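Asker: Structure file input39.pdb (PDB, N, CA and C atoms) right here:
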```pdb
ATOM      1  N   MET A   1      -0.278 -11.959   0.864
ATOM      2  CA  MET A   1       0.807 -11.497   0.030
ATOM      3  C   MET A   1       0.387 -11.635  -1.435
ATOM      4  N   LYS A   2       0.576 -10.599  -2.187
ATOM      5  CA  LYS A   2       0.241 -10.586  -3.608
ATOM      6  C   LYS A   2       1.263 -11.430  -4.372
ATOM      7  N   GLN A   3       0.771 -12.246  -5.300
ATOM      8  CA  GLN A   3       1.644 -13.082  -6.124
ATOM      9  C   GLN A   3       1.588 -12.617  -7.567
ATOM     10  N   ILE A   4       2.761 -12.332  -8.111
ATOM     11  CA  ILE A   4       2.877 -11.883  -9.500
ATOM     12  C   ILE A   4       3.625 -12.950 -10.280
ATOM     13  N   LEU A   5       3.063 -13.365 -11.404
ATOM     14  CA  LEU A   5       3.672 -14.380 -12.258
ATOM     15  C   LEU A   5       4.071 -13.742 -13.579
ATOM     16  N   HIS A   6       5.337 -13.888 -13.943
ATOM     17  CA  HIS A   6       5.835 -13.455 -15.246
ATOM     18  C   HIS A   6       6.080 -14.706 -16.074
ATOM     19  N   ILE A   7       5.463 -14.782 -17.234
ATOM     20  CA  ILE A   7       5.668 -15.905 -18.139
ATOM     21  C   ILE A   7       6.499 -15.395 -19.312
ATOM     22  N   LEU A   8       7.664 -15.979 -19.493
ATOM     23  CA  LEU A   8       8.567 -15.558 -20.570
ATOM     24  C   LEU A   8       8.409 -16.495 -21.756
ATOM     25  N   THR A   9       7.982 -15.948 -22.885
ATOM     26  CA  THR A   9       7.854 -16.737 -24.111
ATOM     27  C   THR A   9       9.046 -16.494 -25.033
ATOM     28  N   GLN A  10       9.881 -15.565 -24.636
ATOM     29  CA  GLN A  10      11.121 -15.248 -25.345
ATOM     30  C   GLN A  10      12.100 -14.708 -24.310
ATOM     31  N   PRO A  11      13.367 -14.608 -24.642
ATOM     32  CA  PRO A  11      14.311 -14.061 -23.649
ATOM     33  C   PRO A  11      13.872 -12.664 -23.195
ATOM     34  N   ALA A  12      14.026 -12.409 -21.914
ATOM     35  CA  ALA A  12      13.589 -11.135 -21.330
ATOM     36  C   ALA A  12      14.478  -9.988 -21.813
ATOM     37  N   SER A  13      13.838  -8.897 -22.164
ATOM     38  CA  SER A  13      14.569  -7.691 -22.544
ATOM     39  C   SER A  13      15.101  -7.025 -21.274
ATOM     40  N   PRO A  14      16.057  -6.112 -21.414
ATOM     41  CA  PRO A  14      16.554  -5.400 -20.232
ATOM     42  C   PRO A  14      15.441  -4.666 -19.469
ATOM     43  N   ALA A  15      14.470  -4.136 -20.182
ATOM     44  CA  ALA A  15      13.366  -3.423 -19.518
ATOM     45  C   ALA A  15      12.527  -4.393 -18.671
ATOM     46  N   VAL A  16      12.268  -5.573 -19.192
ATOM     47  CA  VAL A  16      11.500  -6.574 -18.446
ATOM     48  C   VAL A  16      12.298  -7.044 -17.238
ATOM     49  N   GLU A  17      13.579  -7.290 -17.404
ATOM     50  CA  GLU A  17      14.426  -7.698 -16.287
ATOM     51  C   GLU A  17      14.435  -6.645 -15.186
ATOM     52  N   GLN A  18      14.476  -5.369 -15.561
ATOM     53  CA  GLN A  18      14.457  -4.288 -14.570
ATOM     54  C   GLN A  18      13.115  -4.234 -13.852
ATOM     55  N   LEU A  19      12.024  -4.414 -14.585
ATOM     56  CA  LEU A  19      10.687  -4.426 -13.980
ATOM     57  C   LEU A  19      10.579  -5.543 -12.948
ATOM     58  N   ILE A  20      11.041  -6.738 -13.302
ATOM     59  CA  ILE A  20      10.998  -7.876 -12.383
ATOM     60  C   ILE A  20      11.845  -7.583 -11.146
ATOM     61  N   CYS A  21      13.010  -7.043 -11.349
ATOM     62  CA  CYS A  21      13.895  -6.693 -10.234
ATOM     63  C   CYS A  21      13.222  -5.679  -9.307
ATOM     64  N   ASP A  22      12.602  -4.663  -9.877
ATOM     65  CA  ASP A  22      11.906  -3.651  -9.073
ATOM     66  C   ASP A  22      10.745  -4.262  -8.292
ATOM     67  N   GLN A  23       9.991  -5.154  -8.930
ATOM     68  CA  GLN A  23       8.860  -5.780  -8.252
ATOM     69  C   GLN A  23       9.326  -6.658  -7.100
ATOM     70  N   ARG A  24      10.441  -7.329  -7.271
ATOM     71  CA  ARG A  24      10.967  -8.198  -6.209
ATOM     72  C   ARG A  24      11.385  -7.403  -4.981
ATOM     73  N   GLN A  25      11.690  -6.131  -5.143
ATOM     74  CA  GLN A  25      12.116  -5.302  -4.022
ATOM     75  C   GLN A  25      10.942  -4.696  -3.254
ATOM     76  N   THR A  26       9.746  -4.840  -3.789
ATOM     77  CA  THR A  26       8.553  -4.308  -3.138
ATOM     78  C   THR A  26       8.082  -5.285  -2.062
ATOM     79  N   ALA A  27       7.811  -4.752  -0.896
ATOM     80  CA  ALA A  27       7.358  -5.598   0.214
ATOM     81  C   ALA A  27       5.959  -6.148  -0.075
ATOM     82  N   ASP A  28       5.640  -7.252   0.562
ATOM     83  CA  ASP A  28       4.317  -7.874   0.488
ATOM     84  C   ASP A  28       3.914  -8.358  -0.893
ATOM     85  N   GLN A  29       4.886  -8.733  -1.716
ATOM     86  CA  GLN A  29       4.539  -9.386  -2.967
ATOM     87  C   GLN A  29       5.606 -10.402  -3.326
ATOM     88  N   GLU A  30       5.149 -11.490  -3.878
ATOM     89  CA  GLU A  30       6.020 -12.579  -4.312
ATOM     90  C   GLU A  30       6.047 -12.558  -5.837
ATOM     91  N   VAL A  31       7.232 -12.612  -6.412
ATOM     92  CA  VAL A  31       7.380 -12.556  -7.863
ATOM     93  C   VAL A  31       7.983 -13.870  -8.337
ATOM     94  N   LEU A  32       7.295 -14.516  -9.272
ATOM     95  CA  LEU A  32       7.771 -15.772  -9.842
ATOM     96  C   LEU A  32       7.921 -15.589 -11.344
ATOM     97  N   VAL A  33       9.030 -16.086 -11.879
ATOM     98  CA  VAL A  33       9.280 -16.010 -13.313
ATOM     99  C   VAL A  33       9.387 -17.429 -13.849
ATOM    100  N   LEU A  34       8.548 -17.759 -14.827
ATOM    101  CA  LEU A  34       8.602 -19.058 -15.488
ATOM    102  C   LEU A  34       8.903 -18.848 -16.961
ATOM    103  N   SER A  35       9.885 -19.574 -17.451
ATOM    104  CA  SER A  35      10.293 -19.448 -18.839
ATOM    105  C   SER A  35       9.765 -20.622 -19.655
ATOM    106  N   LEU A  36       9.200 -20.314 -20.807
ATOM    107  CA  LEU A  36       8.755 -21.342 -21.740
ATOM    108  C   LEU A  36       9.787 -21.540 -22.849
ATOM    109  N   ASN A  37      10.985 -21.016 -22.650
ATOM    110  CA  ASN A  37      12.058 -21.089 -23.650
ATOM    111  C   ASN A  37      12.899 -22.349 -23.518
ATOM    112  N   GLN A  38      12.503 -23.266 -22.656
ATOM    113  CA  GLN A  38      13.252 -24.496 -22.437
ATOM    114  C   GLN A  38      12.816 -25.556 -23.443
ATOM    115  N   ALA A  39      13.610 -26.612 -23.544
ATOM    116  CA  ALA A  39      13.288 -27.708 -24.462
ATOM    117  C   ALA A  39      11.943 -28.344 -24.103
ATOM    118  N   SER A  40      11.691 -28.568 -22.828
ATOM    119  CA  SER A  40      10.389 -29.106 -22.400
ATOM    120  C   SER A  40       9.926 -28.375 -21.143
ATOM    121  N   PRO A  41       9.169 -27.296 -21.337
ATOM    122  CA  PRO A  41       8.666 -26.514 -20.199
ATOM    123  C   PRO A  41       7.740 -27.350 -19.309
ATOM    124  N   ASP A  42       7.675 -26.990 -18.044
ATOM    125  CA  ASP A  42       6.821 -27.671 -17.079
ATOM    126  C   ASP A  42       5.438 -27.009 -17.108
ATOM    127  N   TYR A  43       4.577 -27.512 -17.979
ATOM    128  CA  TYR A  43       3.254 -26.914 -18.130
ATOM    129  C   TYR A  43       2.356 -27.169 -16.923
ATOM    130  N   GLN A  44       2.570 -28.259 -16.221
ATOM    131  CA  GLN A  44       1.789 -28.535 -15.019
ATOM    132  C   GLN A  44       2.083 -27.469 -13.953
ATOM    133  N   LEU A  45       3.362 -27.153 -13.757
ATOM    134  CA  LEU A  45       3.741 -26.098 -12.814
ATOM    135  C   LEU A  45       3.175 -24.761 -13.266
ATOM    136  N   LEU A  46       3.254 -24.484 -14.554
ATOM    137  CA  LEU A  46       2.705 -23.234 -15.093
ATOM    138  C   LEU A  46       1.222 -23.120 -14.773
ATOM    139  N   LEU A  47       0.478 -24.190 -15.007
ATOM    140  CA  LEU A  47      -0.959 -24.173 -14.741
ATOM    141  C   LEU A  47      -1.246 -23.920 -13.266
ATOM    142  N   GLU A  48      -0.510 -24.576 -12.385
ATOM    143  CA  GLU A  48      -0.687 -24.370 -10.947
ATOM    144  C   GLU A  48      -0.421 -22.919 -10.565
ATOM    145  N   LYS A  49       0.650 -22.358 -11.086
ATOM    146  CA  LYS A  49       1.028 -20.987 -10.729
ATOM    147  C   LYS A  49       0.058 -19.965 -11.315
ATOM    148  N   VAL A  50      -0.516 -20.256 -12.474
ATOM    149  CA  VAL A  50      -1.503 -19.342 -13.070
ATOM    150  C   VAL A  50      -2.703 -19.191 -12.141
ATOM    151  N   PHE A  51      -3.159 -20.304 -11.583
ATOM    152  CA  PHE A  51      -4.335 -20.245 -10.715
ATOM    153  C   PHE A  51      -4.020 -19.673  -9.341
ATOM    154  N   GLN A  52      -2.758 -19.653  -8.946
ATOM    155  CA  GLN A  52      -2.367 -19.084  -7.656
ATOM    156  C   GLN A  52      -2.067 -17.589  -7.749
ATOM    157  N   ALA A  53      -1.741 -17.114  -8.933
ATOM    158  CA  ALA A  53      -1.274 -15.733  -9.100
ATOM    159  C   ALA A  53      -2.409 -14.722  -9.014
ATOM    160  N   ASP A  54      -2.081 -13.556  -8.470
ATOM    161  CA  ASP A  54      -3.005 -12.426  -8.453
ATOM    162  C   ASP A  54      -2.860 -11.601  -9.718
ATOM    163  N   SER A  55      -1.673 -11.661 -10.306
ATOM    164  CA  SER A  55      -1.390 -10.885 -11.515
ATOM    165  C   SER A  55      -0.470 -11.730 -12.406
ATOM    166  N   ILE A  56      -0.773 -11.732 -13.710
ATOM    167  CA  ILE A  56       0.018 -12.499 -14.675
ATOM    168  C   ILE A  56       0.467 -11.564 -15.783
ATOM    169  N   GLU A  57       1.760 -11.623 -16.071
ATOM    170  CA  GLU A  57       2.317 -10.826 -17.156
ATOM    171  C   GLU A  57       3.046 -11.769 -18.095
ATOM    172  N   CYS A  58       2.768 -11.657 -19.361
ATOM    173  CA  CYS A  58       3.348 -12.554 -20.349
ATOM    174  C   CYS A  58       4.194 -11.736 -21.309
ATOM    175  N   TRP A  59       5.425 -12.164 -21.494
ATOM    176  CA  TRP A  59       6.370 -11.429 -22.336
ATOM    177  C   TRP A  59       6.822 -12.305 -23.475
TER     178      TRP A  59
END
```
Represent the structure contained in this file as structure tokens.

Answerer:
Amino acid sequence: MKQILHILTQPASPAVEQLICDQRQTADQEVLVLSLNQASPDYQLLLEKVFQADSIECW
């Protein structure tokens, strides 16, 4: 199964939200969204997911 990671460095625009929604509806791929907009982001989790992902998109 293909893994797609979206890293949000700012709030997602409507276009990005629609893209993520469309990708989640596609069979045989897992879509994960991690936001760095929190007070203390989980960088360890981010690092793990980066190495597991087949595709990374940063917004």

Asker: Just say which residues the PyMOL selection byres ((chain A and resi 9-25) around 6) picks in this file, as a list of chain:residue names.

Answerer: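 Checked against the file, the PyMOL selection byres ((chain A and resi 9-25) around 6) matches A:Ile7, A:Leu8, A:Thr26, A:Ala27, A:Val31, A:Ser35, A:Leu36, A:Asn37, A:Cys58, A:Trp59.
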
Asker: Would you please give, as a PyMOL selection string, all residues of region 20-58 of chain A that DSSP assigns to helix (DSSP H, G or I) based on the backbone?

Answerer: chain A and resi 20-24+43-52

Asker: Could you please determine the separation between atom N of Asp42 (chain A) and CA of His6 (chain A) in Å, to one decimal place?

Answerer: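 Going from atom N of Asp42 (chain A) over to CA of His6 (chain A) covers 13.9 Å.
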
Asker: Quick one: pull the distance between atom C of Gln38 (chain A) and atom N of Leu5 (chain A), Å, one decimal.

Answerer: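 Rounded to one decimal, the two atoms are 19.7 Å apart.
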
Asker: Provide the atom C of Asp28 (chain A) to atom N of Pro41 (chain A) distance in Å, to one decimal place.

Answerer: 28.4 Å

Asker: Just the strand (DSSP E or B) stuff from chain A, please, per backbone DSSP, written as a PyMOL selection string.

Answerer: chain A and resi 2-8+29-35+55-58

Asker: Just the residues within 6 Å of Gln29 (chain A), please, counting only N, CA and C atoms, with nothing from its chain fewer than 6 positions along; format it as an mmCIF file with N, CA and C atoms, in the coordinates of the input.

Answerer:
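Output contents, as saved in result-v2.cif:
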```
data_model
loop_
_atom_site.group_PDB
_atom_site.id
_atom_site.type_symbol
_atom_site.label_atom_id
_atom_site.label_comp_id
_atom_site.auth_asym_id
_atom_site.auth_seq_id
_atom_site.Cartn_x
_atom_site.Cartn_y
_atom_site.Cartn_z
ATOM 1 N N MET A 1 -0.278 -11.959 0.864
ATOM 2 C CA MET A 1 0.807 -11.497 0.030
ATOM 3 C C MET A 1 0.387 -11.635 -1.435
ATOM 4 N N LYS A 2 0.576 -10.599 -2.187
ATOM 5 C CA LYS A 2 0.241 -10.586 -3.608
ATOM 6 C C LYS A 2 1.263 -11.430 -4.372
ATOM 7 N N GLN A 3 0.771 -12.246 -5.300
ATOM 8 C CA GLN A 3 1.644 -13.082 -6.124
ATOM 9 C C GLN A 3 1.588 -12.617 -7.567
ATOM 10 N N ILE A 4 2.761 -12.332 -8.111
ATOM 11 C CA ILE A 4 2.877 -11.883 -9.500
ATOM 12 C C ILE A 4 3.625 -12.950 -10.280
#
```
